[in-house]
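> Quick one: this structure, given as structure tokens, is what I'll be asking you about.
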Amino acid sequence: MKSHRHTIFTALLAAALFGITTPLAKALLGSVSPFMLAGLFYLGSGSGLAAVLVLRRLSARRSHSAATQEPAQNPLRLAELPWLAGAIAAGGVAAPALLMLGLNTTPAATSALLLNLEGVLTALIAWVCFRENFDAQIALGMLAIVAGGVLLSWPGAHAGAVSGIAPGALLVALACLCWAIDNNLTRKVSTNDAMVVACTKGLVAGPVNIGIALAAGAHWPAWPAVSGAMAVGFAGYGVSLVLFVVSLRHLGTARTGAYFSVAPLFGVALSLLLWPERPALAFWLALALMAFGVWLHVRERHDHPHTHEPLEHTHAHRHDEHHQHEHDFAWDGSEPHTHAHRHAPITHSHAHYPDVHHRHAH
């Protein structure tokens with residue numbers, strides 16, 4: 001799977017950017033209400049990516065003449081809008097609000113590590129609802145991550161536990177479930193421009209969360225807090241989501257979720273730097289279980305004979321073994337490039353992930 005190494009790095013970078021968002025959100029919650037902070041994060045994501053899109057369009061116009069410019073990536077199709085709307089509702093509105101509420105009563109390091117559940121739940125939904133393949137090794141890795149999450153919520157794992165379960169940890173777990181639903185719905189639109197998908201989510205989810213916050217009585221925070229939250233949101237929710245969508249396209253939902261499960265490790269590292277403390281034994285046991293689960297996901301190899309059915313779609317691609325086609329426009333030879341193209345039927349065997357070209361039955 002050498003061709004996927006770059007995409008694996010992309011998924012890990014997305015995880016790092018998202019992981020450090022949790023402790024930074026914890027630091028901002030003292031001056032910004034949970035719903036307001038979630039809204040500012042997404043507003044920063046959407047507006048920042050919108051600015052990048054404008055600059056990208058201007059740059060493309062300057063660098064390509066009308067005679068040699070490749071076709072622009074197709075806009076979202078009408079049939080794809082319900083998938084994107086569901087992803088925005090689950091991951092852009094419900095999940096961040098639940099996370100911010102959970103952070104109010106849960107230590108930042110614990111919250112960051114508990115976010116590993118997102119990868120597990122993402123994989124389970126991909127398997128059960130969307131029939132994405134994964135083997136016993138992946139299942140064992142998920143069990144290890146779940147065990148770590150249960151340990152974090154066990155009585156006495158940290159202060160604030162009520163009736164045997166930490167309420168803040170439950171809210172963080174529900175946020176993970178919403179993001180898992182979001183990830184699987186986003187998979188349905190992952191062949192589109194990742195930046196447009198992420199920008200749309202931010203521009204919709206941001207104002208919605210801010211509106212909820214203002215309706216609930218929250219006040220507009222001071223401008224230093226606003227700018228700080230929007231900057232964090234641009235990196236942790238915007239750039240991270242763009243990289244995540246690209247990874248979905250090439251690795252599939254469950255595998256991308258698995259690599260994204262390392263996000264809490266970056267959050268833990270930053271939170272322990274911001275709030276130096278000696279974590280409880282349960283924390284380290286949970287860390288070991290989750291690290292083992294992530295390791296099992298990373299070392300997976302999937303290789304078997306498979307058949308590609310005829311397929312026509314649009315996405316950024318190189319002329320590899322899956323993209324041998326002619327062009328009906330002037331092409332300067334640059335790769336990757338984006339245009340509508342058709343795949344002819346082919347049967348072969350190689351290591352692969354359930355990407356946009358390998359969503360076949362087993």
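Chain identifiers are assigned as A, B, and so on, following the order in which chains appear in the structure tokens; residues are numbered from 1 within each chain, and ligands are numbered from 1 in order of appearance.
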Contacts of stretch 15-18 of chain A at 6 Å or less, counting only C-alpha atoms, minus same-chain residues fewer than 5 places along, as a short mmCIF file (atom, residue, chain, number, x, y, z; two decimals) with C-alpha atoms, in the first residue's frame?


```
data_model
loop_
_atom_site.label_atom_id
_atom_site.label_comp_id
_atom_site.auth_asym_id
_atom_site.auth_seq_id
_atom_site.Cartn_x
_atom_site.Cartn_y
_atom_site.Cartn_z
CA GLY A 236 -8.79 22.16 14.22
CA SER A 240 -8.45 19.13 9.79
CA PHE A 260 -8.01 9.61 13.35
CA ALA A 263 -6.06 12.54 17.77
CA PHE A 266 -1.96 14.88 20.67
#
```

> If we count only C-alpha atoms, what is near stretch 217-230 of chain A at a cut-off of 12 Å, once residues fewer than 3 positions away on the same chain are taken out, given as a ChimeraX atom specification?

/A:21-22,24-49,202,206,209-214,233-238

> Under the rule that only C-alpha atoms are counted, which of A:Leu55, A:Asp135, A:Arg187, A:Glu80 is the nearest residue to A:His250?

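Ranked by minimum distance to A:His250, first place goes to A:Arg187.
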
> Would you compute the distance between atom CA of A:His343 and atom CA of A:Thr256? Give it in Å to one decimal.

24.1 Å

> Give me the residues within 8 Å of stretch 86-96 of chain A as a PyMOL selection string, counting only C-alpha atoms and dropping any in the same chain fewer than 5 places off.

chain A and resi 35+38+42+174-183+185-186+201-202+204-206+208-209

> Could you write out the selected residues, including N, CA and C atoms, as a PDB file, in the first residue's frame?


```
ATOM      1  N   PHE A  35     -21.999  26.548  23.621  1.00  0.00           N
ATOM      2  CA  PHE A  35     -22.587  26.667  22.293  1.00  0.00           C
ATOM      3  C   PHE A  35     -21.940  27.800  21.505  1.00  0.00           C
ATOM      4  N   ALA A  38     -18.577  26.501  20.237  1.00  0.00           N
ATOM      5  CA  ALA A  38     -18.758  25.596  19.103  1.00  0.00           C
ATOM      6  C   ALA A  38     -19.070  26.389  17.837  1.00  0.00           C
ATOM      7  N   TYR A  42     -16.694  26.696  14.284  1.00  0.00           N
ATOM      8  CA  TYR A  42     -17.142  26.410  12.928  1.00  0.00           C
ATOM      9  C   TYR A  42     -17.197  27.653  12.063  1.00  0.00           C
ATOM     10  N   LEU A 174     -21.239  10.849  23.621  1.00  0.00           N
ATOM     11  CA  LEU A 174     -22.334  11.156  22.691  1.00  0.00           C
ATOM     12  C   LEU A 174     -21.841  12.037  21.551  1.00  0.00           C
ATOM     13  N   ALA A 175     -20.921  12.949  21.856  1.00  0.00           N
ATOM     14  CA  ALA A 175     -20.319  13.768  20.795  1.00  0.00           C
ATOM     15  C   ALA A 175     -19.577  12.881  19.802  1.00  0.00           C
ATOM     16  N   CYS A 176     -18.892  11.867  20.328  1.00  0.00           N
ATOM     17  CA  CYS A 176     -18.180  10.937  19.448  1.00  0.00           C
ATOM     18  C   CYS A 176     -19.155  10.197  18.538  1.00  0.00           C
ATOM     19  N   LEU A 177     -20.307   9.796  19.078  1.00  0.00           N
ATOM     20  CA  LEU A 177     -21.311   9.112  18.267  1.00  0.00           C
ATOM     21  C   LEU A 177     -21.815  10.018  17.147  1.00  0.00           C
ATOM     22  N   CYS A 178     -22.061  11.274  17.465  1.00  0.00           N
ATOM     23  CA  CYS A 178     -22.527  12.215  16.442  1.00  0.00           C
ATOM     24  C   CYS A 178     -21.475  12.425  15.367  1.00  0.00           C
ATOM     25  N   TRP A 179     -20.217  12.521  15.766  1.00  0.00           N
ATOM     26  CA  TRP A 179     -19.150  12.672  14.763  1.00  0.00           C
ATOM     27  C   TRP A 179     -18.974  11.409  13.942  1.00  0.00           C
ATOM     28  N   ALA A 180     -19.230  10.248  14.556  1.00  0.00           N
ATOM     29  CA  ALA A 180     -19.150   8.999  13.809  1.00  0.00           C
ATOM     30  C   ALA A 180     -20.219   8.955  12.721  1.00  0.00           C
ATOM     31  N   ILE A 181     -21.426   9.398  13.060  1.00  0.00           N
ATOM     32  CA  ILE A 181     -22.489   9.492  12.056  1.00  0.00           C
ATOM     33  C   ILE A 181     -22.096  10.483  10.965  1.00  0.00           C
ATOM     34  N   ASP A 182     -21.558  11.611  11.386  1.00  0.00           N
ATOM     35  CA  ASP A 182     -21.084  12.632  10.447  1.00  0.00           C
ATOM     36  C   ASP A 182     -20.052  12.047   9.485  1.00  0.00           C
ATOM     37  N   ASN A 183     -19.079  11.298  10.015  1.00  0.00           N
ATOM     38  CA  ASN A 183     -18.020  10.728   9.173  1.00  0.00           C
ATOM     39  C   ASN A 183     -18.576   9.817   8.094  1.00  0.00           C
ATOM     40  N   LEU A 185     -21.663   9.807   6.867  1.00  0.00           N
ATOM     41  CA  LEU A 185     -22.453  10.565   5.901  1.00  0.00           C
ATOM     42  C   LEU A 185     -21.538  11.371   4.974  1.00  0.00           C
ATOM     43  N   THR A 186     -20.455  11.906   5.528  1.00  0.00           N
ATOM     44  CA  THR A 186     -19.505  12.670   4.722  1.00  0.00           C
ATOM     45  C   THR A 186     -18.838  11.778   3.676  1.00  0.00           C
ATOM     46  N   LYS A 201     -19.930  23.107   5.616  1.00  0.00           N
ATOM     47  CA  LYS A 201     -20.265  22.680   6.977  1.00  0.00           C
ATOM     48  C   LYS A 201     -20.006  23.806   7.978  1.00  0.00           C
ATOM     49  N   GLY A 202     -18.875  24.472   7.844  1.00  0.00           N
ATOM     50  CA  GLY A 202     -18.547  25.546   8.780  1.00  0.00           C
ATOM     51  C   GLY A 202     -19.477  26.737   8.677  1.00  0.00           C
ATOM     52  N   VAL A 204     -22.514  26.803   7.720  1.00  0.00           N
ATOM     53  CA  VAL A 204     -23.858  26.491   8.202  1.00  0.00           C
ATOM     54  C   VAL A 204     -23.854  26.260   9.705  1.00  0.00           C
ATOM     55  N   ALA A 205     -22.938  25.395  10.178  1.00  0.00           N
ATOM     56  CA  ALA A 205     -22.921  25.022  11.594  1.00  0.00           C
ATOM     57  C   ALA A 205     -22.536  26.190  12.494  1.00  0.00           C
ATOM     58  N   GLY A 206     -21.657  27.068  12.019  1.00  0.00           N
ATOM     59  CA  GLY A 206     -21.228  28.191  12.845  1.00  0.00           C
ATOM     60  C   GLY A 206     -22.377  29.097  13.258  1.00  0.00           C
ATOM     61  N   VAL A 208     -25.556  28.572  13.166  1.00  0.00           N
ATOM     62  CA  VAL A 208     -26.587  27.835  13.909  1.00  0.00           C
ATOM     63  C   VAL A 208     -26.218  27.730  15.378  1.00  0.00           C
ATOM     64  N   ASN A 209     -24.984  27.332  15.667  1.00  0.00           N
ATOM     65  CA  ASN A 209     -24.557  27.215  17.059  1.00  0.00           C
ATOM     66  C   ASN A 209     -24.517  28.566  17.767  1.00  0.00           C
TER      67      ASN A 209
END
```
